[in-house]
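Asker: If you scroll down you'll find the structure; I have some questions about it.
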Amino acid sequence: MDFSLSEKEKAFHERVRALARAELADGALARAHSEEFPGDVMKTLVKSGLIGITIPVEDGGHGGSLMEAVLAITAIAEICPRSADVVQAGNFGPIRVLSAFGTDDHKNRYLKKLLDGELLITVAMSEPEAGSAVTDLETTAEPEGDGYRLNGTKVYTTNGLHADLFLTYVRYGPGLDGIGSVLVERGGDGFRTGSPSRFLSGEGWVEIRFEDLYIPPENVLLGPGGFKKQISGFNVERLGNAARSLGVGRCAFNLARDHALTREQFGRPLCEFQGLQWKFADAEIQLQAAELLLHRAAVNADAGFPSALETSAAKVQCNTAGFQASDMALQVMGGLGYSEDSLVEYCFRKTRGWMIAGGSIEMMKNRIAETVFDRRFSQRPPRPAR
């Protein structure tokens, strides 16, 4: 059993870190405080081969591994946390769903432009009354001719202010088998947005409303019964969330470590106080444990065995370790850590959000418990006896 990266993986990781230091370090703080999607970073990453790492070569990607995508995210997140979102958008989530289930027409019209950084795609899934209980979604796709009329509302859509294309979960009919997805382009007749709002991380989001929006048949991604297909890949997609949590937590940890080595109080460097030494020791243990769980999940998913237990455990540990490391770093750095003059306060805000997004840590623990007991635990109230 070897817990080390292969020589190829080490070389790849070092190449990405060198790129991040050279191209992304200087603007890291400014990007963290901007609501704009970092399109400049997207262009850099396209040129460097870091968009479409996991997409098959025949679809225009690089045919790389999930492990490489995870390494790219963590390496960039340690240097420029906001830029890690660009790696995520170009390698995980809807872009992989489009590659896996899209038609040749979908790929010709959309996927190529996504891989070239010309378009940005996001998932429109959450609704006012359907968060963790995503199967309660109410956005309807009613047949009209060969296409559909879309009506409903989506909220908390990541990159919703800037995305060009929305992979939208819809209801064709009742029950689980009535759920599928369509591809919605921004700006069509019946596409509406509410007033912009902001997450704690500083990123903007906007309510998206569909009012009799016509969806042509060629923009149906998965028809009735498609929900199980598209949600089956969600275990793997959580690795992008977990990798960002880990990388951003490590970014905060490194900034606080450098601060503790150079900052003096009471005539001594902060690192000489045992109370702070133990904080760093605890954070290091948790970050290393998270990295091991994340790498295990990525390697096994690459081998064709994506595990709900492994991906859920990796997400919980990475989310928790990343946030705790950021919280520790903020405390160690005091006023500077709490100030927008440092990336640490951004890391604190950013990692907190991933404990909710992509499946809350409570939902992940439910999945883990189901594996432990080898049975399904429905969160819905029991049906009344007939």
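Each chain in the structure tokens gets a letter, A, B and so on, in the order shown; residues start at 1 in every chain, and ligands are counted from 1 in the order they appear.
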Skipping near chain neighbours, those fewer than 5 positions away, what residues fall within 8 Å of Arg192 (chain A) using only C-alpha atoms, listed as number ranges by chain?

Answerer: A: 187, 208-211

Asker: Would you put the residues from that selection into a file with N, CA and C atoms, as a PDB file, in the first residue's frame?

Answerer:
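This went into part_23.pdb:
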ATOM      1  N   GLY A 187     -31.223  34.509 -21.376  1.00  0.00           N
ATOM      2  CA  GLY A 187     -31.747  35.609 -22.166  1.00  0.00           C
ATOM      3  C   GLY A 187     -32.885  35.295 -23.104  1.00  0.00           C
ATOM      4  N   ILE A 208     -33.610  32.930 -10.430  1.00  0.00           N
ATOM      5  CA  ILE A 208     -33.861  32.728 -11.855  1.00  0.00           C
ATOM      6  C   ILE A 208     -35.282  32.196 -12.018  1.00  0.00           C
ATOM      7  N   ARG A 209     -36.048  32.888 -12.842  1.00  0.00           N
ATOM      8  CA  ARG A 209     -37.447  32.494 -13.054  1.00  0.00           C
ATOM      9  C   ARG A 209     -37.677  32.131 -14.526  1.00  0.00           C
ATOM     10  N   PHE A 210     -38.411  31.060 -14.721  1.00  0.00           N
ATOM     11  CA  PHE A 210     -38.805  30.635 -16.061  1.00  0.00           C
ATOM     12  C   PHE A 210     -40.310  30.860 -16.188  1.00  0.00           C
ATOM     13  N   GLU A 211     -40.696  31.692 -17.132  1.00  0.00           N
ATOM     14  CA  GLU A 211     -42.097  32.039 -17.323  1.00  0.00           C
ATOM     15  C   GLU A 211     -42.509  31.675 -18.746  1.00  0.00           C
TER      16      GLU A 211
END

Asker: Tell me, as a list of chain:residue names, which residues lie within 7 Å of region 360-377 of chain A, counting only C-alpha atoms; anything in the same chain fewer than 6 positions away does not count.

Answerer: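 The residues satisfying every condition are A:Leu309, A:Ser312, A:Val316.
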
Asker: Now that the selection is made, can you save its residues with N, CA and C atoms as a compact mmCIF listing (two decimals), in the first residue's frame?

Answerer:
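Done, and the output landed in out.txt:
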# COMPACT_ATOMS: atom_id res chain seq x y z
N LEU A 309 -19.93 6.12 0.09
CA LEU A 309 -19.28 6.21 1.40
C LEU A 309 -17.99 7.01 1.30
N SER A 312 -18.60 10.76 0.29
CA SER A 312 -19.27 11.48 1.39
C SER A 312 -18.31 11.72 2.54
N VAL A 316 -17.16 15.43 3.93
CA VAL A 316 -17.33 15.84 5.34
C VAL A 316 -15.99 16.24 5.96

Asker: Taking the chain letters and numbering used in this document, name the residues of region 13-136 of chain A that DSSP puts in helix (DSSP H, G or I), as a ChimeraX atom specification.

Answerer: /A:13-24,28-32,39-47,57-59,66-79,81-89,94-101,104-115,134-136

Asker: Please identify all polymer residues within 12 Å of Glu36 (chain A), counting only C-alpha atoms, omitting same-chain residues fewer than 6 positions from it, and present them as a PDB file with N, CA and C atoms, in the first residue's frame.

Answerer:
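This went into result-v3.pdb:
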ATOM      1  N   ALA A  30      -7.383  40.562  -4.815  1.00  0.00           N
ATOM      2  CA  ALA A  30      -8.370  41.310  -5.591  1.00  0.00           C
ATOM      3  C   ALA A  30      -9.473  40.391  -6.113  1.00  0.00           C
ATOM      4  N   ARG A  82      -9.869  31.945  -5.056  1.00  0.00           N
ATOM      5  CA  ARG A  82     -10.963  32.213  -5.999  1.00  0.00           C
ATOM      6  C   ARG A  82     -10.740  31.504  -7.326  1.00  0.00           C
ATOM      7  N   SER A  83      -9.501  31.374  -7.751  1.00  0.00           N
ATOM      8  CA  SER A  83      -9.208  30.730  -9.033  1.00  0.00           C
ATOM      9  C   SER A  83      -9.525  29.246  -9.025  1.00  0.00           C
ATOM     10  N   ASP A  85     -12.203  28.007  -8.132  1.00  0.00           N
ATOM     11  CA  ASP A  85     -13.572  27.880  -8.636  1.00  0.00           C
ATOM     12  C   ASP A  85     -13.586  27.696 -10.146  1.00  0.00           C
ATOM     13  N   VAL A  86     -12.608  28.295 -10.821  1.00  0.00           N
ATOM     14  CA  VAL A  86     -12.533  28.176 -12.278  1.00  0.00           C
ATOM     15  C   VAL A  86     -12.139  26.748 -12.664  1.00  0.00           C
ATOM     16  N   ASN A 159     -22.573  30.899  -9.749  1.00  0.00           N
ATOM     17  CA  ASN A 159     -22.245  31.567 -11.021  1.00  0.00           C
ATOM     18  C   ASN A 159     -23.483  31.958 -11.816  1.00  0.00           C
ATOM     19  N   GLY A 160     -24.648  31.994 -11.149  1.00  0.00           N
ATOM     20  CA  GLY A 160     -25.887  32.334 -11.845  1.00  0.00           C
ATOM     21  C   GLY A 160     -25.893  33.724 -12.441  1.00  0.00           C
ATOM     22  N   LEU A 161     -25.107  34.638 -11.870  1.00  0.00           N
ATOM     23  CA  LEU A 161     -25.027  35.992 -12.414  1.00  0.00           C
ATOM     24  C   LEU A 161     -24.280  36.034 -13.738  1.00  0.00           C
ATOM     25  N   HIS A 162     -23.400  35.059 -13.966  1.00  0.00           N
ATOM     26  CA  HIS A 162     -22.481  35.144 -15.101  1.00  0.00           C
ATOM     27  C   HIS A 162     -22.623  34.004 -16.104  1.00  0.00           C
ATOM     28  N   ALA A 163     -23.322  32.935 -15.731  1.00  0.00           N
ATOM     29  CA  ALA A 163     -23.388  31.760 -16.608  1.00  0.00           C
ATOM     30  C   ALA A 163     -24.134  32.066 -17.896  1.00  0.00           C
ATOM     31  N   ARG A 198     -26.096  38.361  -2.378  1.00  0.00           N
ATOM     32  CA  ARG A 198     -24.719  37.934  -2.151  1.00  0.00           C
ATOM     33  C   ARG A 198     -24.663  36.814  -1.127  1.00  0.00           C
ATOM     34  N   GLY A 202     -19.126  36.511  -0.562  1.00  0.00           N
ATOM     35  CA  GLY A 202     -19.005  37.706  -1.382  1.00  0.00           C
ATOM     36  C   GLY A 202     -19.445  37.497  -2.811  1.00  0.00           C
ATOM     37  N   GLU A 203     -19.584  36.238  -3.234  1.00  0.00           N
ATOM     38  CA  GLU A 203     -20.040  35.963  -4.594  1.00  0.00           C
ATOM     39  C   GLU A 203     -21.531  36.272  -4.714  1.00  0.00           C
ATOM     40  N   GLY A 204     -21.897  36.782  -5.890  1.00  0.00           N
ATOM     41  CA  GLY A 204     -23.287  37.117  -6.115  1.00  0.00           C
ATOM     42  C   GLY A 204     -24.104  35.923  -6.586  1.00  0.00           C
ATOM     43  N   TRP A 205     -25.396  35.963  -6.326  1.00  0.00           N
ATOM     44  CA  TRP A 205     -26.325  34.983  -6.885  1.00  0.00           C
ATOM     45  C   TRP A 205     -27.617  35.721  -7.193  1.00  0.00           C
TER      46      TRP A 205
END

Asker: Give one line per residue of region 230-313 of chain A that approaches region 39-60 of chain A to at most 12 Å, naming the two atoms of the closest pair and their distance in Å to one decimal, counting only C-alpha atoms; sort by chain then ascending residue number and deliver it as CSV.

Answerer:
residue,atom,partner,partner_atom,distance
A:Val236,CA,A:Thr54,CA,11.4
A:Glu237,CA,A:Thr54,CA,11.2
A:Gly240,CA,A:Thr54,CA,11.6
A:Ala298,CA,A:Thr54,CA,11.7
A:Ala301,CA,A:Thr54,CA,11.8
A:Asp302,CA,A:Thr54,CA,9.9
